[in-house]
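Just upload.txt here, compact mmCIF, C-alpha atoms and all ligand atoms:
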# COMPACT_ATOMS: atom_id res chain seq x y z
CA MET A 1 69.41 112.42 91.85
CA VAL A 2 66.53 114.81 91.32
CA ARG A 3 65.68 117.51 88.77
CA ILE A 4 63.01 120.22 89.14
CA GLY A 5 61.09 122.01 86.38
CA ASN A 6 58.35 124.59 86.07
CA GLY A 7 55.87 125.20 83.27
CA TYR A 8 53.38 127.94 82.44
CA ASP A 9 50.70 128.22 79.75
CA VAL A 10 47.73 130.36 78.81
CA HIS A 11 44.91 129.72 76.36
CA ALA A 12 42.11 132.04 75.30
CA LEU A 13 38.49 131.03 75.85
CA ALA A 14 35.84 131.18 73.12
CA PRO A 15 32.21 130.07 73.02
CA GLY A 16 31.22 126.74 71.48
CA LEU A 17 34.63 125.05 71.73
CA PRO A 18 35.29 121.91 73.82
CA MET A 19 37.06 122.46 77.14
CA TRP A 20 39.79 119.91 77.88
CA LEU A 21 41.73 120.36 81.12
CA GLY A 22 44.06 117.89 82.79
CA GLY A 23 43.08 115.27 80.20
CA VAL A 24 39.39 115.50 81.15
CA ARG A 25 36.45 116.95 79.17
CA ILE A 26 34.86 119.69 81.29
CA PRO A 27 31.21 120.60 80.59
CA SER A 28 31.32 124.32 79.74
CA GLN A 29 29.81 126.93 77.39
CA ASN A 30 33.38 128.00 76.50
CA GLY A 31 36.45 126.09 75.38
CA PHE A 32 40.05 126.81 74.48
CA VAL A 33 41.27 128.36 71.24
CA ALA A 34 44.25 126.24 70.15
CA HIS A 35 45.99 124.29 67.41
CA SER A 36 45.83 121.16 69.60
CA ASP A 37 42.90 120.23 71.88
CA GLY A 38 43.95 123.27 73.95
CA ASP A 39 44.56 121.39 77.20
CA VAL A 40 46.43 124.21 78.87
CA ALA A 41 47.04 122.17 82.07
CA ILE A 42 48.77 119.36 80.16
CA HIS A 43 50.79 121.91 78.18
CA ALA A 44 52.11 123.53 81.39
CA LEU A 45 52.84 120.05 82.80
CA CYS A 46 54.75 119.03 79.63
CA ASP A 47 56.79 122.24 79.86
CA ALA A 48 57.61 121.53 83.51
CA ILE A 49 58.89 118.03 82.61
CA LEU A 50 60.82 119.39 79.61
CA GLY A 51 62.19 122.15 81.86
CA ALA A 52 63.49 119.58 84.35
CA LEU A 53 65.13 117.76 81.43
CA ALA A 54 66.44 121.05 79.92
CA LEU A 55 64.95 119.94 76.57
CA GLY A 56 63.23 123.17 75.55
CA ASP A 57 59.44 123.48 75.43
CA ILE A 58 56.41 121.87 73.76
CA GLY A 59 56.19 124.66 71.14
CA HIS A 60 59.65 123.57 70.00
CA LEU A 61 58.83 119.83 70.13
CA PHE A 62 55.32 119.99 68.65
CA PRO A 63 55.19 123.16 66.47
CA ASP A 64 51.71 124.65 65.92
CA ASN A 65 52.43 124.97 62.16
CA ASP A 66 52.82 121.16 61.93
CA ASP A 67 49.56 119.47 60.84
CA ARG A 68 50.50 116.28 62.75
CA TRP A 69 49.57 118.12 65.96
CA LYS A 70 46.35 119.75 64.67
CA GLY A 71 43.56 118.95 67.13
CA VAL A 72 45.85 116.40 68.83
CA ASP A 73 44.81 114.92 72.19
CA SER A 74 47.33 116.54 74.56
CA LYS A 75 47.57 113.23 76.50
CA ILE A 76 49.52 111.96 73.47
CA LEU A 77 51.95 114.89 73.80
CA LEU A 78 52.36 114.16 77.54
CA GLY A 79 53.04 110.49 76.74
CA LYS A 80 55.74 111.52 74.26
CA VAL A 81 57.34 113.90 76.79
CA MET A 82 57.36 111.07 79.37
CA GLU A 83 59.14 108.84 76.83
CA LEU A 84 61.88 111.47 76.57
CA ALA A 85 62.20 111.48 80.37
CA ARG A 86 62.29 107.66 80.66
CA GLU A 87 64.83 107.28 77.84
CA ARG A 88 67.11 109.37 80.05
CA GLY A 89 66.34 107.36 83.21
CA TRP A 90 63.95 109.84 84.86
CA GLU A 91 60.55 109.14 86.43
CA ILE A 92 58.02 111.46 88.04
CA GLY A 93 58.71 112.11 91.72
CA ASN A 94 55.69 114.36 92.02
CA ALA A 95 53.82 117.00 90.05
CA ASP A 96 51.84 119.99 91.30
CA ILE A 97 49.51 121.97 89.02
CA THR A 98 47.61 125.19 89.71
CA ILE A 99 44.80 126.17 87.32
CA ALA A 100 43.41 129.72 87.34
CA LEU A 101 39.96 129.75 85.76
CA GLN A 102 36.96 131.89 86.65
CA ARG A 103 34.26 129.49 85.44
CA PRO A 104 33.15 126.69 85.58
CA LYS A 105 34.08 125.43 89.04
CA LEU A 106 36.65 122.65 88.67
CA ALA A 107 36.29 120.98 92.09
CA PRO A 108 34.07 118.13 90.75
CA HIS A 109 36.75 117.26 88.14
CA ILE A 110 39.96 117.46 90.18
CA HIS A 111 40.10 113.77 91.09
CA SER A 112 39.55 112.52 87.55
CA MET A 113 42.25 114.96 86.31
CA ARG A 114 44.69 113.55 88.90
CA GLU A 115 43.81 109.95 87.92
CA THR A 116 44.09 110.68 84.20
CA LEU A 117 47.42 112.53 84.47
CA ALA A 118 48.88 109.86 86.78
CA ARG A 119 47.86 107.12 84.33
CA VAL A 120 49.39 108.91 81.33
CA MET A 121 52.61 109.64 83.26
CA GLY A 122 52.78 106.10 84.69
CA THR A 123 52.81 107.24 88.30
CA GLU A 124 50.53 107.01 91.35
CA VAL A 125 47.63 109.41 91.82
CA GLU A 126 49.17 110.41 95.20
CA ALA A 127 52.11 111.89 93.27
CA VAL A 128 49.90 114.21 91.20
CA SER A 129 48.34 117.33 92.70
CA VAL A 130 45.82 119.50 90.83
CA LYS A 131 44.56 122.71 92.42
CA ALA A 132 42.14 125.25 91.00
CA THR A 133 41.49 128.87 91.84
CA THR A 134 39.56 131.80 90.43
CA THR A 135 41.23 135.21 90.32
CA GLU A 136 38.37 136.95 92.15
CA ARG A 137 37.19 138.35 88.78
CA LEU A 138 40.50 140.22 88.32
CA GLY A 139 42.52 140.28 85.10
CA PHE A 140 41.97 138.28 81.89
CA VAL A 141 41.14 135.14 83.87
CA GLY A 142 38.58 137.04 85.93
CA ARG A 143 37.00 138.50 82.77
CA GLU A 144 36.67 134.89 81.48
CA GLU A 145 38.92 135.65 78.50
CA GLY A 146 41.33 132.83 79.25
CA CYS A 147 42.85 130.25 81.56
CA GLU A 148 46.30 130.28 83.13
CA VAL A 149 48.18 127.26 84.50
CA TRP A 150 51.42 126.77 86.45
CA ALA A 151 53.03 123.36 86.89
CA THR A 152 55.98 122.18 88.95
CA VAL A 153 57.53 118.76 88.54
CA LEU A 154 60.19 116.84 90.41
CA LEU A 155 61.92 114.09 88.42
CA VAL A 156 63.80 111.30 90.19
CA LYS A 157 66.45 109.01 88.72
CA ARG A 158 65.41 105.35 89.01
MG MG A 201 49.40 125.63 75.00

Can the structure in the file be given as structure tokens, please?
Amino acid sequence: MVRIGNGYDVHALAPGLPMWLGGVRIPSQNGFVAHSDGDVAIHALCDAILGALALGDIGHLFPDNDDRWKGVDSKILLGKVMELARERGWEIGNADITIALQRPKLAPHIHSMRETLARVMGTEVEAVSVKATTTERLGFVGREEGCEVWATVLLVKR
């Protein structure tokens, strides 16, 4: 048995904030405006897993008006979402993430994102794909106002 899910998230960029993406700290002048650590890649990934489970979304699970989640490391949220999957007998088959960000270049960080996400989800790095693209300076991503992420996840019943 398999289940598929997709997730999408956007966060605004602002100067002087830390940039966390895919569980990794990215050196950057700008970071994400958020109630949590703003890891937009993990948020999209969580929503893809929750989508496959038909359990709603992370905004519903971890409301941004709840102080427990203020500044929270998004890896903790991903761990909690994985617990929900495992309780129901599901494991990650594979995950594929596309990050649209104009700057900085993410290529040097892709492997550590894959390793980090695989570790948190309890799966092999080969099962986790992270891809990055700019938007050729078009739209809000191109104007460096924000970052956009799509995630697709396949869950398999063990
Ligand atoms: Mg978010």

*Write out as number ranges by chain each polymer residue (protein, DNA or RNA) that has an atom no more than 10 Å from ligand MG 201 (chain A), with all atoms listed in the file counted.*
A: 8-12, 32-44, 46-47, 58-59, 64, 74, 148-149

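Taking CA of Arg137 (chain A) as the reference point, CA of Leu13 (chain A) is found at 14.9 Å.
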
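For the set A:Arg114, A:Arg25, A:His109, A:Arg103, the residue with the smallest atom-to-atom gap to Thr133 (chain A) is A:Arg103, counting only C-alpha atoms.
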
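Taking CA of Leu55 (chain A) and CA of Glu83 (chain A) as endpoints, the distance between them is 12.5 Å.
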
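The smallest atom-to-atom distance between Gly31 (chain A) and any of A:Leu77, A:Ala54, A:Phe62, A:Ala14, using all atoms listed in the file, is found for A:Ala14.
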
Could you give me the axis-aligned bounding box of region 37-52 of chain A, with 8 Å of padding per side, as centre plus edge lengths in Å to one decimal, as lines of an AutoDock Vina configuration file?
center_x = 53.2
center_y = 121.1
center_z = 78.1
size_x = 36.6
size_y = 22.2
size_z = 28.5

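Distances from A:Gly142, A:Gly79, A:Gly71, A:Pro63 to Thr116 (chain A) were compared using all atoms listed in the file, and the smallest one belongs to A:Gly79.
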
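In this structure, CA of Glu145 (chain A) sits 14.2 Å away from CA of Ile99 (chain A).
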
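With distances restricted to all atoms listed in the file, A:Gln102 is the closest residue to Thr135 (chain A) from A:Gln102, A:Trp90, A:Ile110, A:Ala85.
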
*Mind checking which residues fall within 8 Å of Ala118 (chain A), counting all atoms listed in the file, ignoring those fewer than 6 positions away in the same chain, and posting them as an NGL selection string?*
:A and (124-125 or 127-128)

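Proximity ranking of A:Gly7, A:Gly22, A:Gly16, A:Pro27 relative to Leu117 (chain A) places A:Gly22 first, based on all atoms listed in the file.
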
Can you give me N, CA and C atoms for region 28-46 of chain A, written as a JSON list (two decimals), keeping the file's coordinate frame?
[["chain", "number", "residue", "atom", "x", "y", "z"],
["A", 28, "SER", "N", 31.19, 122.86, 79.68],
["A", 28, "SER", "CA", 31.32, 124.32, 79.74],
["A", 28, "SER", "C", 30.76, 124.94, 78.47],
["A", 29, "GLN", "N", 30.28, 126.18, 78.58],
["A", 29, "GLN", "CA", 29.81, 126.93, 77.39],
["A", 29, "GLN", "C", 30.99, 127.34, 76.52],
["A", 30, "ASN", "N", 32.18, 127.52, 77.18],
["A", 30, "ASN", "CA", 33.38, 128.00, 76.50],
["A", 30, "ASN", "C", 34.44, 126.91, 76.46],
["A", 31, "GLY", "N", 35.30, 126.99, 75.44],
["A", 31, "GLY", "CA", 36.45, 126.09, 75.38],
["A", 31, "GLY", "C", 37.67, 126.86, 74.94],
["A", 32, "PHE", "N", 38.78, 126.14, 74.73],
["A", 32, "PHE", "CA", 40.05, 126.81, 74.48],
["A", 32, "PHE", "C", 40.37, 126.90, 72.99],
["A", 33, "VAL", "N", 40.81, 128.10, 72.59],
["A", 33, "VAL", "CA", 41.27, 128.36, 71.24],
["A", 33, "VAL", "C", 42.69, 127.81, 71.14],
["A", 34, "ALA", "N", 42.92, 126.86, 70.23],
["A", 34, "ALA", "CA", 44.25, 126.24, 70.15],
["A", 34, "ALA", "C", 44.41, 125.45, 68.88],
["A", 35, "HIS", "N", 45.67, 125.15, 68.55],
["A", 35, "HIS", "CA", 45.99, 124.29, 67.41],
["A", 35, "HIS", "C", 45.76, 122.83, 67.80],
["A", 36, "SER", "N", 46.08, 122.50, 69.06],
["A", 36, "SER", "CA", 45.83, 121.16, 69.60],
["A", 36, "SER", "C", 44.43, 121.15, 70.23],
["A", 37, "ASP", "N", 44.18, 120.21, 71.17],
["A", 37, "ASP", "CA", 42.90, 120.23, 71.88],
["A", 37, "ASP", "C", 42.84, 121.36, 72.92],
["A", 38, "GLY", "N", 43.94, 122.09, 73.08],
["A", 38, "GLY", "CA", 43.95, 123.27, 73.95],
["A", 38, "GLY", "C", 44.05, 122.97, 75.43],
["A", 39, "ASP", "N", 44.49, 121.76, 75.78],
["A", 39, "ASP", "CA", 44.56, 121.39, 77.20],
["A", 39, "ASP", "C", 45.75, 122.11, 77.87],
["A", 40, "VAL", "N", 45.43, 123.30, 78.34],
["A", 40, "VAL", "CA", 46.43, 124.21, 78.87],
["A", 40, "VAL", "C", 47.12, 123.63, 80.12],
["A", 41, "ALA", "N", 46.43, 122.79, 80.88],
["A", 41, "ALA", "CA", 47.04, 122.17, 82.07],
["A", 41, "ALA", "C", 48.10, 121.15, 81.64],
["A", 42, "ILE", "N", 47.78, 120.33, 80.65],
["A", 42, "ILE", "CA", 48.77, 119.36, 80.16],
["A", 42, "ILE", "C", 49.95, 120.08, 79.52],
["A", 43, "HIS", "N", 49.68, 121.19, 78.81],
["A", 43, "HIS", "CA", 50.79, 121.91, 78.18],
["A", 43, "HIS", "C", 51.76, 122.45, 79.24],
["A", 44, "ALA", "N", 51.23, 123.02, 80.32],
["A", 44, "ALA", "CA", 52.11, 123.53, 81.39],
["A", 44, "ALA", "C", 52.88, 122.37, 82.03],
["A", 45, "LEU", "N", 52.19, 121.23, 82.20],
["A", 45, "LEU", "CA", 52.84, 120.05, 82.80],
["A", 45, "LEU", "C", 53.96, 119.54, 81.89],
["A", 46, "CYS", "N", 53.71, 119.46, 80.59],
["A", 46, "CYS", "CA", 54.75, 119.03, 79.63],
["A", 46, "CYS", "C", 55.95, 119.97, 79.72]]
